[in-house]
file protein20.cif (mmCIF, C-alpha atoms; chains and numbers go by the auth columns)
data_query
loop_
_atom_site.group_PDB
_atom_site.id
_atom_site.type_symbol
_atom_site.label_atom_id
_atom_site.label_comp_id
_atom_site.label_asym_id
_atom_site.label_seq_id
_atom_site.Cartn_x
_atom_site.Cartn_y
_atom_site.Cartn_z
_atom_site.B_iso_or_equiv
_atom_site.auth_seq_id
_atom_site.auth_asym_id
ATOM 1 C CA MET A 1 17.602 -102.201 -59.787 0.00 26 A
ATOM 2 C CA LEU A 2 14.697 -100.296 -58.333 0.00 27 A
ATOM 3 C CA ASP A 3 15.853 -96.706 -58.855 0.00 28 A
ATOM 4 C CA ASP A 4 14.972 -95.819 -62.428 0.00 29 A
ATOM 5 C CA SER A 5 17.073 -92.638 -62.126 0.00 30 A
ATOM 6 C CA GLY A 6 20.189 -94.806 -62.226 0.00 31 A
ATOM 7 C CA GLY A 7 21.442 -93.528 -58.884 0.00 32 A
ATOM 8 C CA MET A 8 21.548 -89.880 -59.954 0.00 33 A
ATOM 9 C CA CYS A 9 20.687 -88.641 -56.443 0.00 34 A
ATOM 10 C CA CYS A 10 23.636 -87.190 -54.517 0.00 35 A
ATOM 11 C CA TYR A 11 22.099 -88.267 -51.157 0.00 36 A
ATOM 12 C CA SER A 12 22.678 -84.816 -49.619 0.00 37 A
ATOM 13 C CA ALA A 13 19.128 -84.444 -48.228 0.00 38 A
ATOM 14 C CA CYS A 14 18.164 -81.681 -50.662 0.00 39 A
ATOM 15 C CA SER A 15 14.622 -80.591 -49.780 0.00 40 A
ATOM 16 C CA ASP A 16 13.521 -80.441 -53.422 0.00 41 A
ATOM 17 C CA CYS A 17 15.293 -83.611 -54.601 0.00 42 A
ATOM 18 C CA GLU A 18 13.200 -85.474 -57.145 0.00 43 A
ATOM 19 C CA PHE A 19 14.853 -88.744 -56.103 0.00 44 A
ATOM 20 C CA ARG A 20 13.748 -88.673 -52.436 0.00 45 A
ATOM 21 C CA LEU A 21 10.782 -90.584 -51.108 0.00 46 A
ATOM 22 C CA PRO A 22 7.848 -88.625 -49.627 0.00 47 A
ATOM 23 C CA GLY A 23 8.827 -89.781 -46.128 0.00 48 A
ATOM 24 C CA GLY A 24 12.336 -88.353 -46.557 0.00 49 A
ATOM 25 C CA GLY A 25 14.258 -91.540 -47.334 0.00 50 A
ATOM 26 C CA TYR A 26 15.993 -92.468 -50.535 0.00 51 A
ATOM 27 C CA ARG A 27 15.256 -95.041 -53.181 0.00 52 A
ATOM 28 C CA MET A 28 18.569 -96.804 -53.506 0.00 53 A
ATOM 29 C CA ALA A 29 19.877 -97.356 -57.022 0.00 54 A
ATOM 30 C CA ASP A 30 20.719 -101.010 -56.570 0.00 55 A
ATOM 31 C CA GLN A 31 19.013 -103.313 -54.117 0.00 56 A
ATOM 32 C CA SER A 32 20.344 -106.824 -54.263 0.00 57 A
ATOM 33 C CA ALA A 33 19.518 -109.873 -52.210 0.00 58 A
ATOM 34 C CA SER A 34 20.609 -113.474 -52.122 0.00 59 A
ATOM 35 C CA ARG A 35 17.032 -114.464 -53.046 0.00 60 A
ATOM 36 C CA PRO A 36 14.377 -112.672 -55.112 0.00 61 A
ATOM 37 C CA LYS A 37 12.137 -110.260 -53.217 0.00 62 A
ATOM 38 C CA TRP A 38 10.093 -108.655 -55.981 0.00 63 A
ATOM 39 C CA ILE A 39 9.135 -109.021 -59.629 0.00 64 A
ATOM 40 C CA PRO A 40 10.676 -106.120 -61.567 0.00 65 A
ATOM 41 C CA VAL A 41 8.152 -104.149 -63.597 0.00 66 A
ATOM 42 C CA TYR A 42 10.713 -103.395 -66.293 0.00 67 A
ATOM 43 C CA GLU A 43 11.984 -105.621 -69.087 0.00 68 A
ATOM 44 C CA GLU A 44 15.571 -104.451 -68.861 0.00 69 A
ATOM 45 C CA ARG A 45 17.452 -101.726 -67.045 0.00 70 A
ATOM 46 C CA LYS A 46 20.964 -100.480 -67.819 0.00 71 A
ATOM 47 C CA PHE A 47 23.071 -98.051 -65.829 0.00 72 A
ATOM 48 C CA GLU A 48 26.066 -97.636 -68.094 0.00 73 A
ATOM 49 C CA SER A 49 27.773 -95.151 -65.761 0.00 74 A
ATOM 50 C CA MET A 50 27.681 -97.782 -63.001 0.00 75 A
ATOM 51 C CA GLY A 51 28.503 -100.681 -65.312 0.00 76 A
ATOM 52 C CA LYS A 52 25.323 -102.521 -64.287 0.00 77 A
ATOM 53 C CA GLU A 53 22.424 -103.989 -66.142 0.00 78 A
ATOM 54 C CA HIS A 54 19.537 -106.274 -65.295 0.00 79 A
ATOM 55 C CA LEU A 55 17.274 -108.283 -67.574 0.00 80 A
ATOM 56 C CA SER A 56 14.119 -109.388 -65.785 0.00 81 A
ATOM 57 C CA LYS A 57 13.568 -113.132 -65.705 0.00 82 A
ATOM 58 C CA TRP A 58 9.978 -112.765 -66.873 0.00 83 A
ATOM 59 C CA SER A 59 11.044 -110.948 -70.032 0.00 84 A
ATOM 60 C CA SER A 60 13.882 -113.350 -70.829 0.00 85 A
ATOM 61 C CA ILE A 61 12.006 -116.569 -70.026 0.00 86 A
ATOM 62 C CA ILE A 62 8.345 -115.957 -70.868 0.00 87 A
ATOM 63 C CA PHE A 63 9.196 -114.018 -74.030 0.00 88 A
ATOM 64 C CA SER A 64 12.266 -116.002 -75.100 0.00 89 A
ATOM 65 C CA ASP A 65 10.656 -116.914 -78.436 0.00 90 A
ATOM 66 C CA GLY A 66 9.244 -113.511 -79.364 0.00 91 A
ATOM 67 C CA PRO A 67 7.534 -110.325 -78.158 0.00 92 A
ATOM 68 C CA ALA A 68 4.118 -111.937 -77.495 0.00 93 A
ATOM 69 C CA VAL A 69 2.720 -115.166 -76.046 0.00 94 A
ATOM 70 C CA ASP A 70 -0.714 -116.741 -75.921 0.00 95 A
ATOM 71 C CA LYS A 71 -2.210 -118.152 -72.728 0.00 96 A
ATOM 72 C CA GLU A 72 -1.004 -121.709 -73.348 0.00 97 A
ATOM 73 C CA VAL A 73 2.614 -120.628 -73.890 0.00 98 A
ATOM 74 C CA PHE A 74 2.480 -118.238 -70.905 0.00 99 A
ATOM 75 C CA ILE A 75 1.273 -121.000 -68.596 0.00 100 A
ATOM 76 C CA ASP A 76 3.899 -123.430 -69.903 0.00 101 A
ATOM 77 C CA LYS A 77 6.722 -120.894 -69.423 0.00 102 A
ATOM 78 C CA VAL A 78 5.593 -119.919 -65.908 0.00 103 A
ATOM 79 C CA VAL A 79 5.073 -123.512 -64.768 0.00 104 A
ATOM 80 C CA ASN A 80 8.521 -124.509 -66.069 0.00 105 A
ATOM 81 C CA MET A 81 10.476 -121.558 -64.635 0.00 106 A
ATOM 82 C CA ASP A 82 13.155 -122.486 -62.133 0.00 107 A
ATOM 83 C CA PHE A 83 11.793 -121.838 -58.645 0.00 108 A
ATOM 84 C CA LEU A 84 13.843 -119.705 -56.273 0.00 109 A
ATOM 85 C CA THR A 85 12.705 -119.381 -52.669 0.00 110 A
ATOM 86 C CA PRO A 86 11.676 -115.725 -52.304 0.00 111 A
ATOM 87 C CA LEU A 87 12.154 -113.265 -49.467 0.00 112 A
ATOM 88 C CA GLY A 88 9.087 -111.489 -48.147 0.00 113 A
ATOM 89 C CA GLY A 89 6.353 -113.995 -48.918 0.00 114 A
ATOM 90 C CA PRO A 90 5.303 -117.200 -47.247 0.00 115 A
ATOM 91 C CA PHE A 91 8.232 -119.603 -47.052 0.00 116 A
ATOM 92 C CA VAL A 92 8.251 -122.294 -49.726 0.00 117 A
ATOM 93 C CA SER A 93 11.310 -124.502 -50.023 0.00 118 A
ATOM 94 C CA LYS A 94 12.873 -125.162 -53.413 0.00 119 A
ATOM 95 C CA SER A 95 11.835 -128.810 -53.197 0.00 120 A
ATOM 96 C CA SER A 96 8.201 -127.744 -52.681 0.00 121 A
ATOM 97 C CA GLY A 97 8.286 -125.038 -55.330 0.00 122 A
ATOM 98 C CA SER A 98 6.789 -126.947 -58.233 0.00 123 A
ATOM 99 C CA ILE A 99 3.492 -125.857 -59.766 0.00 124 A
ATOM 100 C CA ASP A 100 1.044 -128.720 -60.083 0.00 125 A
ATOM 101 C CA ASP A 101 -2.136 -126.658 -60.446 0.00 126 A
ATOM 102 C CA ILE A 102 -1.943 -124.242 -63.396 0.00 127 A
ATOM 103 C CA SER A 103 -5.031 -122.226 -62.384 0.00 128 A
ATOM 104 C CA ALA A 104 -2.990 -119.447 -60.732 0.00 129 A
ATOM 105 C CA ALA A 105 -0.805 -119.048 -63.848 0.00 130 A
ATOM 106 C CA ALA A 106 -3.960 -118.989 -65.992 0.00 131 A
ATOM 107 C CA SER A 107 -5.519 -116.342 -63.731 0.00 132 A
ATOM 108 C CA LEU A 108 -2.341 -114.267 -63.857 0.00 133 A
ATOM 109 C CA PHE A 109 -2.432 -114.355 -67.658 0.00 134 A
ATOM 110 C CA ASP A 110 -6.047 -113.142 -67.564 0.00 135 A
ATOM 111 C CA VAL A 111 -5.121 -110.265 -65.247 0.00 136 A
ATOM 112 C CA LEU A 112 -2.125 -109.247 -67.352 0.00 137 A
ATOM 113 C CA ALA A 113 -3.641 -109.738 -70.827 0.00 138 A
ATOM 114 C CA GLY A 114 -7.122 -108.462 -70.035 0.00 139 A
ATOM 115 C CA ASP A 115 -9.401 -109.239 -72.964 0.00 140 A
ATOM 116 C CA LYS A 116 -6.502 -109.864 -75.370 0.00 141 A
ATOM 117 C CA GLU A 117 -5.660 -113.315 -76.723 0.00 142 A
ATOM 118 C CA LYS A 118 -1.927 -112.583 -76.566 0.00 143 A
ATOM 119 C CA LEU A 119 0.220 -110.892 -73.958 0.00 144 A
ATOM 120 C CA THR A 120 3.072 -108.692 -75.171 0.00 145 A
ATOM 121 C CA LYS A 121 6.219 -107.800 -73.253 0.00 146 A
ATOM 122 C CA HIS A 122 5.132 -104.172 -73.254 0.00 147 A
ATOM 123 C CA ARG A 123 1.666 -104.954 -71.890 0.00 148 A
ATOM 124 C CA MET A 124 3.115 -107.217 -69.200 0.00 149 A
ATOM 125 C CA SER A 125 5.457 -104.446 -68.071 0.00 150 A
ATOM 126 C CA THR A 126 2.603 -101.910 -68.082 0.00 151 A
ATOM 127 C CA GLN A 127 0.279 -104.196 -66.134 0.00 152 A
ATOM 128 C CA LEU A 128 3.000 -105.042 -63.598 0.00 153 A
ATOM 129 C CA LYS A 129 3.509 -101.287 -63.074 0.00 154 A
ATOM 130 C CA ASN A 130 -0.224 -100.870 -62.482 0.00 155 A
ATOM 131 C CA LEU A 131 -0.329 -103.787 -60.053 0.00 156 A
ATOM 132 C CA SER A 132 2.708 -102.501 -58.154 0.00 157 A
ATOM 133 C CA GLU A 133 0.977 -99.136 -57.628 0.00 158 A
ATOM 134 C CA GLY A 134 3.854 -97.123 -59.083 0.00 159 A
ATOM 135 C CA GLU A 135 6.711 -99.049 -57.496 0.00 160 A
ATOM 136 C CA GLN A 136 9.519 -100.501 -59.612 0.00 161 A
ATOM 137 C CA GLY A 137 8.916 -104.021 -58.345 0.00 162 A
ATOM 138 C CA LEU A 138 5.865 -106.109 -57.553 0.00 163 A
ATOM 139 C CA THR A 139 6.234 -107.379 -53.976 0.00 164 A
ATOM 140 C CA TRP A 140 4.396 -110.292 -52.385 0.00 165 A
ATOM 141 C CA PRO A 141 1.625 -108.143 -50.795 0.00 166 A
ATOM 142 C CA SER A 142 0.899 -106.461 -54.152 0.00 167 A
ATOM 143 C CA PHE A 143 1.032 -109.787 -56.001 0.00 168 A
ATOM 144 C CA GLU A 144 -1.265 -111.386 -53.445 0.00 169 A
ATOM 145 C CA LYS A 145 -3.858 -108.602 -53.952 0.00 170 A
ATOM 146 C CA VAL A 146 -4.241 -109.734 -57.568 0.00 171 A
ATOM 147 C CA PHE A 147 -5.695 -113.032 -56.416 0.00 172 A
ATOM 148 C CA ASN A 148 -7.674 -111.701 -53.440 0.00 173 A
ATOM 149 C CA SER A 149 -9.636 -109.053 -55.321 0.00 174 A
#
call {"tool": "encode", "arguments": {"input": "protein20.cif", "output": "structure tokens"}}
result
Amino acid sequence: MLDDSGGMCCYSACSDCEFRLPGGGYRMADQSASRPKWIPVYEERKFESMGKEHLSKWSSIIFSDGPAVDKEVFIDKVVNMDFLTPLGGPFVSKSSGSIDDISAAASLFDVLAGDKEKLTKHRMSTQLKNLSEGEQGLTWPSFEKVFNS
């Protein structure tokens, strides 16, 4: 659910609408796909008026045992996550989606945790927001920049 306003926009093309994109389009309240396309920057989002809620997989899987993880636990949780073939990145089939080399997961921890020994849910959300350059989800191009910089 990429629209943090909870779909409050009336979609009437108001010139001063705070929910419109700079180019004139709209950020839709709920964007769903049959496969994942982005990593949400939020832990959880609820739109009670719409009867919808979403708990990000990273917050429910990586932090299933508490609000903080060290590098070893982070790597273990990431490596053992169920792989789902994503939209928008290079194609990788489910059968090829295992992680044999943990160096990328270790590097991701370093990017997210900075100089800290533990990564908290809050810090992960904050760092994902920074990496996504203000968007509500980290897409493949933004994720790829992390490793190419």
call {"tool": "closest_residue", "arguments": {"input": "protein20.cif", "among": "A:Ser121, A:Ala130, A:Ser40, A:Leu137", "to": "A:Phe108", "atoms": "only C-alpha atoms"}}
result
A:Ser121
call {"tool": "resolve_selection", "arguments": {"input": "protein20.cif", "expression": "the PyMOL selection byres ((chain A and resi 85) around 12)", "output": "number ranges by chain"}}
result
A: 67-69, 79-84, 86-93, 102-103, 106, 146
call {"tool": "resolve_selection", "arguments": {"input": "protein20.cif", "expression": "the PyMOL selection byres ((chain A and resi 136) around 10)", "output": "list in words"}}
result
Ala130, Ala131, Ser132, Leu133, Phe134, Asp135, Leu137, Ala138, Gly139, Asp140, Met149, Gln152, Leu153, Leu156, Val171 and Phe172 of chain A
call {"tool": "atom_distance", "arguments": {"input": "protein20.cif", "atom1": "atom CA of A:Lys154", "atom2": "atom CA of A:Ile64"}}
result
10.2 Å
call {"tool": "closest_residue", "arguments": {"input": "protein20.cif", "among": "A:Ser157, A:Ser128, A:Thr151, A:Ser123", "to": "A:Asn105", "atoms": "all atoms listed in the file"}}
result
A:Ser123
call {"tool": "closest_residue", "arguments": {"input": "protein20.cif", "among": "A:Asp95, A:Asp126, A:Glu160, A:Glu43", "to": "A:Val66", "atoms": "all atoms listed in the file"}}
result
A:Glu160
call {"tool": "atom_distance", "arguments": {"input": "protein20.cif", "atom1": "atom CA of A:Gly122", "atom2": "atom CA of A:Val94"}}
result
23.6 Å
call {"tool": "atom_distance", "arguments": {"input": "protein20.cif", "atom1": "atom CA of A:Thr164", "atom2": "atom CA of A:Val98"}}
result
24.2 Å
call {"tool": "closest_residue", "arguments": {"input": "protein20.cif", "among": "A:Ile127, A:Leu112, A:Leu144, A:Val117", "to": "A:Lys96", "atoms": "all atoms listed in the file"}}
result
A:Leu144
call {"tool": "closest_residue", "arguments": {"input": "protein20.cif", "among": "A:Ile124, A:Ser167, A:Gly162, A:Glu78", "to": "A:Trp63", "atoms": "only C-alpha atoms"}}
result
A:Gly162
